[in-house]
Amino acid sequence: KILLAHGAHREGKRTDAVMEKWRGYGLGQFIHWGLYAIPGGEWNGKQYNGAAEWIRSWNGIPNATYDSLIYKFNPTAFDATAWAKSAKQMGARYVTFTTKHHDGFCMWPSKYSKYTVAASPYKKDIVKAVVDAYDKEGIDVILYFSVMDWSHPDWRYEIKTKEDSVAFERFKKFTRNQLIELLTNYPKAKGLWFDGTWDKSWVKQAAFADDLETEMRKLRPGLIIGSRFRADENGKRHFDSNGVLMGDYEQGWERKIPNKIEEVHGNDWDCVMTVPENQWGYNKAWNGHIKSANELLEMTAKCVSLGGNFVLNFGPQGDGAIRQEELNLATKIGDWMKLNQEAIYNCGYAGYEKQDWGYFTKKTGSDQVYMVVFNVPVSGALRLKMPAKTKISKAYMLADREEKILPEEINSNEYFLKLKKKDHQEPFVIVLETGKNA
Ligand SMILES: C#C[C@@H]1N[C@@H](C)[C@@H](O)[C@H]1O
């Protein structure tokens with residue numbers, strides 16, 4: 001084992017109530033909203049081919065021109081309560097909201113920057129509105145914060161000169177000030193979702209970042225911080241030089257999902273996912289592969305079946321309204337969750353072999369197992385392989401408990417479940433009562 005001063009300070013999952021609750025969320029919402037929503041991926045009629053929230057980095061736009069968007073930021077259609085109600089209807093149990101993205105524009109009136117909502121025509125504190133509205137709906141709030149800050153004069157990608165070093169020391173103080181300010185202003189926030197921490201300048205700040213994380217946890221006991229915040233003194237990120245996860249959950253699953261339990265190394269994790277292939281901020285062009293509600297439900301079930309949470313991203317428009325396509329997805333997902341949430345909330349890895357028909361989930365703290373079915377074979381019967389000595393005593397449709405399914409035992413731990421209906425247009429859940437062999 002390598003001796004580390006700034007590696008992981010804990011091994012294995014947190015066992016406190018706040019993290020137990022986080023572990024059971026199942027489904028969350030990400031919201032990317034900022035000045036980038038005004039151009040929406042387009043500038044002077046030209047389409048930016050990167051992610052819309054990165055448009056400031058496009059050499060087609062002078063930085064000062066982008067930054068002057070602050071004078072156009074007046075989202076008259078912004079209604080945090082409407083957002084929170086839509087998220088509630090979708091079945092999201094937590095929301096991650098961009099307080100400051102890489103462009104450095106602060107969605108709260110930070111004392112430490114001029115580049116904030118306070119200096120826009122809108123003036124009001126958007127972070128507060130979001131935290132209060134979601135909290136009122138019973139949805140926990142996680143604050144997204146980008147360390148990388150393109151608009152700050154002291155930001156550096158790498159420390160090459162003495163001047164860089166002096167500037168970056170100022171930047172570190174600024175970053176700490178803003179984080180303490182966020183935790184102080186919005187005490188209801190349950191955690192911080194860090195981003196923009198991959199550049200050499202920050203990766204070299206192992207001691208500073210470690211001390212800052214300790215300070216934030218002391219200020220806000222129970223605070224949830226993921227693995228993306230800091231590197232250890234050897235520059236290792238997410239997992240320290242001994243391969244131990246830093247932070248409370250793994251944040252590496254951005255637009256990707258593990259395929260087997262071994263890939264999550266016994267840690268908590270969440271997957272953050274875009275609806276288009278790679279657009280987090282609002283993009284006028286709603287093109288490329290747009291994921292359907294059923295695809296997103298399958299991703300949700302897959303994440304929960306491997307012990308993680310699925311966090312679906314929404315990119316509100318420059319005027320603050322959420323686009324109709326995203327509202328429609330939220331409605332479809334919510335309709336399904338209303339019927340089937342029992343197989344998603346407070347569920348996790350069942351420990352059974354993955355099978356073609358879909359995903360097993362298991363209620364945490366109980367033996368209750370669910371089958372979330374996406375693929376019904378043409379035979380209309382699901383082949384089910386259980387661990388040795390695990391018998392099925394009962395099986396029924398979650399959405400209609402009267403619809404019993406008679407498991408036909410093929411051999412000691414394999415069954416056929418014959419379904420009443422063959423052509424399912426939507427995923428569905430079968431509840432399995434399993435009894436150990438006497
Ligand atoms: C790259 C990158 C960033 N990480 C995602 C969560 C979005 O914020 C994207 O801009």
# chains A, B, ... in the order shown; residues from 1 in each chain; ligands from 1
>>> residues_near_ligand(ligand="ligand 1", cutoff="9 Å", atoms="only C-alpha atoms and all ligand atoms", output="PyMOL selection string")
chain A and resi 30+32+51-54+98+101-102+144+146+193-196+254-255+272-274+278-281+313
>>> write_last_selection(atoms="N, CA, C and O atoms", output="short mmCIF file (atom, residue, chain, number, x, y, z; two decimals), in the first residue's frame")
data_model
loop_
_atom_site.label_atom_id
_atom_site.label_comp_id
_atom_site.auth_asym_id
_atom_site.auth_seq_id
_atom_site.Cartn_x
_atom_site.Cartn_y
_atom_site.Cartn_z
N PHE A 30 -30.69 16.25 -14.01
CA PHE A 30 -29.57 17.20 -14.11
C PHE A 30 -30.16 18.40 -14.85
O PHE A 30 -30.98 18.21 -15.77
N HIS A 32 -28.73 21.78 -16.85
CA HIS A 32 -27.67 22.67 -17.32
C HIS A 32 -28.32 23.94 -17.85
O HIS A 32 -29.05 23.89 -18.86
N ALA A 51 -20.61 20.64 -27.87
CA ALA A 51 -21.71 20.69 -26.90
C ALA A 51 -22.07 22.16 -26.67
O ALA A 51 -21.18 22.99 -26.43
N ALA A 52 -23.34 22.49 -26.69
CA ALA A 52 -23.81 23.89 -26.68
C ALA A 52 -23.26 24.68 -25.50
O ALA A 52 -23.00 25.88 -25.61
N GLU A 53 -23.05 24.01 -24.35
CA GLU A 53 -22.59 24.74 -23.16
C GLU A 53 -21.09 25.06 -23.24
O GLU A 53 -20.52 25.73 -22.40
N TRP A 54 -20.43 24.56 -24.32
CA TRP A 54 -19.01 24.84 -24.55
C TRP A 54 -18.80 25.90 -25.63
O TRP A 54 -17.67 26.15 -26.07
N THR A 98 -26.64 23.41 -12.27
CA THR A 98 -25.40 24.15 -12.58
C THR A 98 -25.40 25.53 -11.94
O THR A 98 -26.02 26.45 -12.44
N HIS A 101 -21.00 27.00 -14.65
CA HIS A 101 -20.40 26.08 -15.59
C HIS A 101 -19.03 26.59 -15.99
O HIS A 101 -18.52 27.55 -15.38
N HIS A 102 -18.40 25.99 -16.98
CA HIS A 102 -17.02 26.35 -17.31
C HIS A 102 -16.88 27.82 -17.73
O HIS A 102 -15.80 28.39 -17.58
N TYR A 144 -24.09 21.64 -8.80
CA TYR A 144 -22.99 21.43 -9.75
C TYR A 144 -22.09 22.67 -9.70
O TYR A 144 -22.59 23.80 -9.66
N SER A 146 -18.33 24.05 -11.51
CA SER A 146 -17.14 23.83 -12.33
C SER A 146 -15.96 24.57 -11.74
O SER A 146 -16.01 25.80 -11.57
N TRP A 193 -21.59 18.59 -6.94
CA TRP A 193 -21.18 17.78 -8.11
C TRP A 193 -20.12 18.58 -8.84
O TRP A 193 -20.43 19.54 -9.54
N PHE A 194 -18.86 18.19 -8.66
CA PHE A 194 -17.77 18.97 -9.25
C PHE A 194 -17.48 18.54 -10.68
O PHE A 194 -17.61 17.36 -11.02
N ASP A 195 -17.06 19.52 -11.46
CA ASP A 195 -16.68 19.29 -12.84
C ASP A 195 -15.50 20.20 -13.15
O ASP A 195 -15.13 21.04 -12.31
N GLY A 196 -14.89 20.05 -14.33
CA GLY A 196 -13.80 20.94 -14.71
C GLY A 196 -12.60 20.83 -13.79
O GLY A 196 -11.97 21.81 -13.41
N GLU A 254 -20.17 9.35 -17.05
CA GLU A 254 -20.80 10.48 -17.76
C GLU A 254 -21.11 10.01 -19.19
O GLU A 254 -20.21 9.70 -19.97
N ARG A 255 -22.39 9.91 -19.49
CA ARG A 255 -22.88 9.42 -20.79
C ARG A 255 -22.44 7.98 -21.06
O ARG A 255 -22.32 7.55 -22.20
N VAL A 272 -24.67 10.17 -15.34
CA VAL A 272 -25.35 11.38 -15.81
C VAL A 272 -25.46 11.29 -17.33
O VAL A 272 -24.49 10.92 -18.01
N MET A 273 -26.66 11.56 -17.87
CA MET A 273 -26.94 11.22 -19.26
C MET A 273 -27.67 12.35 -20.00
O MET A 273 -28.56 12.98 -19.43
N THR A 274 -27.26 12.58 -21.23
CA THR A 274 -27.94 13.58 -22.08
C THR A 274 -29.03 12.89 -22.90
O THR A 274 -28.95 11.69 -23.14
N ASN A 278 -24.70 14.32 -27.21
CA ASN A 278 -23.79 15.03 -26.31
C ASN A 278 -24.11 16.52 -26.26
O ASN A 278 -23.35 17.35 -26.72
N GLN A 279 -25.30 16.85 -25.71
CA GLN A 279 -25.68 18.25 -25.53
C GLN A 279 -26.22 18.38 -24.11
O GLN A 279 -27.21 17.73 -23.78
N TRP A 280 -25.55 19.19 -23.28
CA TRP A 280 -26.04 19.38 -21.90
C TRP A 280 -26.83 20.68 -21.81
O TRP A 280 -27.93 20.73 -21.30
N GLY A 281 -26.23 21.78 -22.32
CA GLY A 281 -26.96 23.05 -22.40
C GLY A 281 -27.93 23.00 -23.56
O GLY A 281 -27.81 22.17 -24.46
N ASN A 313 -30.45 14.55 -17.98
CA ASN A 313 -30.19 15.98 -18.14
C ASN A 313 -31.27 16.70 -18.93
O ASN A 313 -31.77 16.20 -19.93
#
>>> closest_atom_pairs(of="range 132-193 of chain A", to="range 225-241 of chain A", cutoff="12 Å", atoms="only C-alpha atoms", output="JSON lines")
{"residue": "A:Ile142", "atom": "CA", "partner": "A:Ile225", "partner_atom": "CA", "distance": 9.3}
{"residue": "A:Leu143", "atom": "CA", "partner": "A:Ile225", "partner_atom": "CA", "distance": 10.0}
{"residue": "A:Tyr144", "atom": "CA", "partner": "A:Ile225", "partner_atom": "CA", "distance": 10.4}
{"residue": "A:Phe145", "atom": "CA", "partner": "A:Phe229", "partner_atom": "CA", "distance": 9.7}
{"residue": "A:Ser146", "atom": "CA", "partner": "A:Phe229", "partner_atom": "CA", "distance": 9.5}
{"residue": "A:Val147", "atom": "CA", "partner": "A:Phe229", "partner_atom": "CA", "distance": 8.6}
{"residue": "A:Met148", "atom": "CA", "partner": "A:Phe229", "partner_atom": "CA", "distance": 11.3}
{"residue": "A:Ala189", "atom": "CA", "partner": "A:Ile225", "partner_atom": "CA", "distance": 11.4}
{"residue": "A:Lys190", "atom": "CA", "partner": "A:Ile225", "partner_atom": "CA", "distance": 9.1}
{"residue": "A:Gly191", "atom": "CA", "partner": "A:Ile225", "partner_atom": "CA", "distance": 5.8}
{"residue": "A:Leu192", "atom": "CA", "partner": "A:Ile225", "partner_atom": "CA", "distance": 5.4}
{"residue": "A:Trp193", "atom": "CA", "partner": "A:Gly226", "partner_atom": "CA", "distance": 6.4}
>>> write_last_selection(atoms="N, CA and C atoms", output="CSV table (one decimal), in the first residue's frame")
chain,number,residue,atom,x,y,z
A,142,ILE,N,-28.5,18.9,-5.4
A,142,ILE,CA,-27.1,18.8,-5.4
A,142,ILE,C,-26.6,20.0,-6.3
A,143,LEU,N,-25.6,20.7,-5.9
A,143,LEU,CA,-25.1,21.8,-6.6
A,143,LEU,C,-23.9,21.5,-7.5
A,144,TYR,N,-24.1,21.6,-8.8
A,144,TYR,CA,-23.0,21.4,-9.8
A,144,TYR,C,-22.1,22.7,-9.7
A,145,PHE,N,-20.8,22.4,-9.7
A,145,PHE,CA,-19.8,23.6,-9.7
A,145,PHE,C,-18.6,23.2,-10.5
A,146,SER,N,-18.3,24.0,-11.5
A,146,SER,CA,-17.1,23.8,-12.3
A,146,SER,C,-16.0,24.6,-11.7
A,147,VAL,N,-14.9,23.8,-11.4
A,147,VAL,CA,-13.7,24.5,-10.9
A,147,VAL,C,-13.1,25.3,-12.0
A,148,MET,N,-13.0,24.7,-13.2
A,148,MET,CA,-12.4,25.4,-14.4
A,148,MET,C,-13.3,26.6,-14.7
A,189,ALA,N,-28.9,22.4,0.4
A,189,ALA,CA,-28.2,21.5,-0.7
A,189,ALA,C,-27.6,20.3,0.0
A,190,LYS,N,-27.8,19.1,-0.6
A,190,LYS,CA,-27.3,17.9,0.0
A,190,LYS,C,-25.8,17.5,-0.4
A,191,GLY,N,-25.4,18.2,-1.5
A,191,GLY,CA,-24.1,17.8,-2.0
A,191,GLY,C,-23.6,18.7,-3.1
A,192,LEU,N,-22.4,18.4,-3.5
A,192,LEU,CA,-21.7,19.2,-4.6
A,192,LEU,C,-21.3,18.2,-5.7
A,193,TRP,N,-21.6,18.6,-6.9
A,193,TRP,CA,-21.2,17.8,-8.1
A,193,TRP,C,-20.1,18.6,-8.8
>>> residues_around(residues="Lys218 in chain A", least_positions_apart="6", cutoff="12 Å", atoms="only C-alpha atoms", output="PyMOL selection string")
chain A and resi 180+183+211-212+224
>>> residues_around(residues="Gly28 in chain A", least_positions_apart="3", cutoff="8 Å", atoms="only C-alpha atoms", output="list in words")
Tyr25, Gly91, Ala92, Arg93, Tyr94, Val95, Thr96, Asn309, Phe310, Val311 and Leu312 of chain A
>>> write_last_selection(atoms="N, CA and C atoms", output="PDB file, in the first residue's frame")
ATOM      1  N   TYR A  25     -32.067   6.760  -4.346  1.00  0.00           N
ATOM      2  CA  TYR A  25     -32.800   7.712  -5.194  1.00  0.00           C
ATOM      3  C   TYR A  25     -33.309   7.057  -6.475  1.00  0.00           C
ATOM      4  N   GLY A  91     -40.678  11.668 -11.457  1.00  0.00           N
ATOM      5  CA  GLY A  91     -40.235  10.677 -10.480  1.00  0.00           C
ATOM      6  C   GLY A  91     -38.787  10.885 -10.062  1.00  0.00           C
ATOM      7  N   ALA A  92     -38.240  12.070 -10.408  1.00  0.00           N
ATOM      8  CA  ALA A  92     -36.861  12.364  -9.974  1.00  0.00           C
ATOM      9  C   ALA A  92     -36.850  12.597  -8.474  1.00  0.00           C
ATOM     10  N   ARG A  93     -35.845  12.020  -7.790  1.00  0.00           N
ATOM     11  CA  ARG A  93     -35.793  12.214  -6.332  1.00  0.00           C
ATOM     12  C   ARG A  93     -34.624  13.097  -5.927  1.00  0.00           C
ATOM     13  N   TYR A  94     -33.794  13.470  -6.917  1.00  0.00           N
ATOM     14  CA  TYR A  94     -32.799  14.519  -6.661  1.00  0.00           C
ATOM     15  C   TYR A  94     -32.523  15.248  -7.956  1.00  0.00           C
ATOM     16  N   VAL A  95     -32.033  16.479  -7.814  1.00  0.00           N
ATOM     17  CA  VAL A  95     -31.703  17.300  -8.983  1.00  0.00           C
ATOM     18  C   VAL A  95     -30.293  17.861  -8.788  1.00  0.00           C
ATOM     19  N   THR A  96     -29.515  17.864  -9.854  1.00  0.00           N
ATOM     20  CA  THR A  96     -28.171  18.468  -9.840  1.00  0.00           C
ATOM     21  C   THR A  96     -28.250  19.707 -10.725  1.00  0.00           C
ATOM     22  N   ASN A 309     -27.486   5.196  -9.575  1.00  0.00           N
ATOM     23  CA  ASN A 309     -28.623   6.075  -9.885  1.00  0.00           C
ATOM     24  C   ASN A 309     -28.478   6.569 -11.319  1.00  0.00           C
ATOM     25  N   PHE A 310     -29.618   6.884 -11.948  1.00  0.00           N
ATOM     26  CA  PHE A 310     -29.598   7.426 -13.305  1.00  0.00           C
ATOM     27  C   PHE A 310     -30.061   8.870 -13.245  1.00  0.00           C
ATOM     28  N   VAL A 311     -29.251   9.794 -13.766  1.00  0.00           N
ATOM     29  CA  VAL A 311     -29.532  11.237 -13.676  1.00  0.00           C
ATOM     30  C   VAL A 311     -29.695  11.783 -15.092  1.00  0.00           C
ATOM     31  N   LEU A 312     -30.937  12.161 -15.434  1.00  0.00           N
ATOM     32  CA  LEU A 312     -31.248  12.577 -16.807  1.00  0.00           C
ATOM     33  C   LEU A 312     -31.155  14.086 -16.951  1.00  0.00           C
TER      34      LEU A 312
END
>>> select_by_dssp(residues="range 93-336 of chain A", states="strand (DSSP E)", output="PyMOL selection string")
chain A and resi 94-100+140-146+191-195+224-225+250-254+269-273+309-314
>>> residues_around(residues="Pro75 in chain A", least_positions_apart="4", cutoff="12 Å", atoms="only C-alpha atoms", output="ChimeraX atom specification")
/A:33-35,37-38,70-71,79-80,107,117,120-124,126,316-322
>>> write_last_selection(atoms="N, CA, C and O atoms", output="short mmCIF file (atom, residue, chain, number, x, y, z; two decimals), in the first residue's frame")
data_model
loop_
_atom_site.label_atom_id
_atom_site.label_comp_id
_atom_site.auth_asym_id
_atom_site.auth_seq_id
_atom_site.Cartn_x
_atom_site.Cartn_y
_atom_site.Cartn_z
N TRP A 33 -28.08 25.04 -17.13
CA TRP A 33 -28.72 26.30 -17.56
C TRP A 33 -27.75 27.44 -17.26
O TRP A 33 -27.15 27.48 -16.17
N GLY A 34 -27.58 28.32 -18.27
CA GLY A 34 -26.68 29.46 -18.08
C GLY A 34 -26.73 30.33 -19.33
O GLY A 34 -27.63 30.16 -20.18
N LEU A 35 -25.75 31.20 -19.48
CA LEU A 35 -25.74 32.11 -20.64
C LEU A 35 -25.71 31.34 -21.96
O LEU A 35 -26.29 31.78 -22.95
N ALA A 37 -27.37 29.02 -22.90
CA ALA A 37 -28.71 28.67 -23.41
C ALA A 37 -29.23 29.74 -24.36
O ALA A 37 -30.13 29.48 -25.16
N ILE A 38 -28.68 30.97 -24.30
CA ILE A 38 -29.15 32.05 -25.18
C ILE A 38 -28.75 31.75 -26.64
O ILE A 38 -29.62 31.66 -27.50
N ILE A 70 -24.38 38.41 -20.83
CA ILE A 70 -24.94 38.69 -19.50
C ILE A 70 -26.00 39.79 -19.59
O ILE A 70 -27.01 39.76 -18.87
N TYR A 71 -25.81 40.72 -20.54
CA TYR A 71 -26.76 41.85 -20.65
C TYR A 71 -28.04 41.45 -21.37
O TYR A 71 -29.00 42.20 -21.41
N ASP A 79 -39.54 29.52 -14.35
CA ASP A 79 -40.47 29.25 -13.25
C ASP A 79 -39.99 28.00 -12.53
O ASP A 79 -40.29 26.86 -12.94
N ALA A 80 -39.20 28.21 -11.47
CA ALA A 80 -38.56 27.08 -10.76
C ALA A 80 -39.60 26.09 -10.24
O ALA A 80 -39.39 24.89 -10.22
N MET A 107 -24.90 31.58 -11.41
CA MET A 107 -26.36 31.66 -11.36
C MET A 107 -26.84 32.10 -9.98
O MET A 107 -28.02 31.99 -9.65
N VAL A 117 -25.67 36.61 -12.00
CA VAL A 117 -27.05 37.02 -12.32
C VAL A 117 -27.33 38.43 -11.80
O VAL A 117 -28.13 39.17 -12.39
N SER A 120 -27.05 40.97 -14.31
CA SER A 120 -27.86 40.79 -15.55
C SER A 120 -29.19 41.51 -15.38
O SER A 120 -29.58 41.84 -14.25
N PRO A 121 -29.92 41.72 -16.44
CA PRO A 121 -31.24 42.34 -16.32
C PRO A 121 -32.16 41.55 -15.39
O PRO A 121 -33.05 42.08 -14.76
N TYR A 122 -31.91 40.24 -15.27
CA TYR A 122 -32.77 39.39 -14.45
C TYR A 122 -32.56 39.67 -12.96
O TYR A 122 -33.51 39.65 -12.17
N LYS A 123 -31.33 39.86 -12.56
CA LYS A 123 -30.93 40.26 -11.20
C LYS A 123 -31.12 39.19 -10.12
O LYS A 123 -30.30 39.03 -9.24
N LYS A 124 -32.19 38.44 -10.17
CA LYS A 124 -32.55 37.59 -9.01
C LYS A 124 -31.68 36.34 -8.88
O LYS A 124 -31.08 35.89 -9.84
N ILE A 126 -31.05 32.77 -8.93
CA ILE A 126 -31.63 31.59 -9.57
C ILE A 126 -31.35 30.33 -8.76
O ILE A 126 -32.21 29.47 -8.60
N PRO A 316 -32.73 23.80 -20.16
CA PRO A 316 -33.74 24.83 -20.39
C PRO A 316 -33.28 25.89 -21.39
O PRO A 316 -32.08 26.15 -21.52
N GLN A 317 -34.22 26.48 -22.11
CA GLN A 317 -33.94 27.52 -23.09
C GLN A 317 -33.47 28.80 -22.42
O GLN A 317 -33.57 28.95 -21.21
N GLY A 318 -32.98 29.73 -23.26
CA GLY A 318 -32.51 31.02 -22.74
C GLY A 318 -33.59 31.79 -22.00
O GLY A 318 -33.31 32.56 -21.09
N ASP A 319 -34.85 31.55 -22.36
CA ASP A 319 -35.95 32.29 -21.68
C ASP A 319 -36.39 31.58 -20.40
O ASP A 319 -37.28 32.03 -19.69
N GLY A 320 -35.78 30.40 -20.12
CA GLY A 320 -36.10 29.72 -18.85
C GLY A 320 -37.14 28.63 -18.99
O GLY A 320 -37.38 27.86 -18.07
N ALA A 321 -37.76 28.53 -20.17
CA ALA A 321 -38.73 27.44 -20.37
C ALA A 321 -37.98 26.16 -20.72
O ALA A 321 -36.93 26.21 -21.36
N ILE A 322 -38.52 25.03 -20.29
CA ILE A 322 -37.94 23.73 -20.68
C ILE A 322 -38.60 23.34 -22.00
O ILE A 322 -39.83 23.48 -22.14
#
>>> select_by_dssp(residues="range 70-264 of chain A", states="helix (DSSP H, G or I)", output="MDAnalysis selection string")
chainID A and resid 70:72 80:90 117:119 126:136 162:185 200:203 206:219 261:264
>>> residues_around(residues="Ala293 in chain A", least_positions_apart="2", cutoff="10 Å", atoms="only C-alpha atoms", output="list in words")
Val275, Ile290, Lys291, Glu295, Leu296, Leu297, Glu298, Met299, Glu326, Asn328, Leu329, Ala330, Thr331, Lys332, Ile333, Gly334, Trp336 and Glu426 of chain A
>>> closest_residue(among="A:Ser86, A:Ala118, A:Glu433, A:Asp335", to="Lys404 in chain A", atoms="only C-alpha atoms")
A:Glu433
>>> atom_distance(atom1="CA of Asp248 in chain A", atom2="CA of Gly26 in chain A")
16.3 Å
>>> closest_residue(among="A:Ala119, A:Thr184, A:Gln89, A:Asn177", to="Lys72 in chain A", atoms="only C-alpha atoms")
A:Ala119
>>> atom_distance(atom1="CA of Val127 in chain A", atom2="CA of Asp270 in chain A")
22.3 Å
>>> atom_distance(atom1="CA of Thr81 in chain A", atom2="CA of Ala133 in chain A")
5.1 Å
>>> residues_around(residues="Trp43 in chain A", least_positions_apart="3", cutoff="12 Å", atoms="only C-alpha atoms", output="short mmCIF file (atom, residue, chain, number, x, y, z; two decimals) with C-alpha atoms, in the first residue's frame")
data_model
loop_
_atom_site.label_atom_id
_atom_site.label_comp_id
_atom_site.auth_asym_id
_atom_site.auth_seq_id
_atom_site.Cartn_x
_atom_site.Cartn_y
_atom_site.Cartn_z
CA TYR A 36 -24.95 29.36 -23.19
CA ALA A 37 -28.71 28.67 -23.41
CA ILE A 38 -29.15 32.05 -25.18
CA PRO A 39 -27.14 31.17 -28.36
CA GLY A 40 -28.28 27.52 -28.03
CA LYS A 46 -23.64 29.10 -37.86
CA GLN A 47 -24.10 25.85 -35.93
CA TYR A 48 -21.41 25.13 -33.32
CA ASN A 49 -20.69 21.42 -33.65
CA ALA A 52 -23.81 23.89 -26.68
CA ILE A 55 -19.78 27.47 -27.22
CA ARG A 56 -17.61 30.11 -25.45
CA TRP A 58 -15.41 28.13 -29.96
CA ASN A 59 -12.87 30.32 -31.74
CA GLY A 60 -15.76 31.69 -33.78
CA ILE A 61 -16.81 33.86 -30.83
CA PRO A 62 -14.54 36.42 -29.08
CA THR A 65 -18.67 38.97 -27.10
CA TYR A 66 -19.84 35.81 -25.38
CA LEU A 69 -24.54 37.80 -23.18
CA ASN A 283 -29.17 23.42 -28.30
CA LYS A 284 -31.62 24.83 -30.84
#
>>> closest_residue(among="A:Val141, A:Pro153, A:Met337, A:Gly50", to="Asn294 in chain A", atoms="only C-alpha atoms")
A:Met337
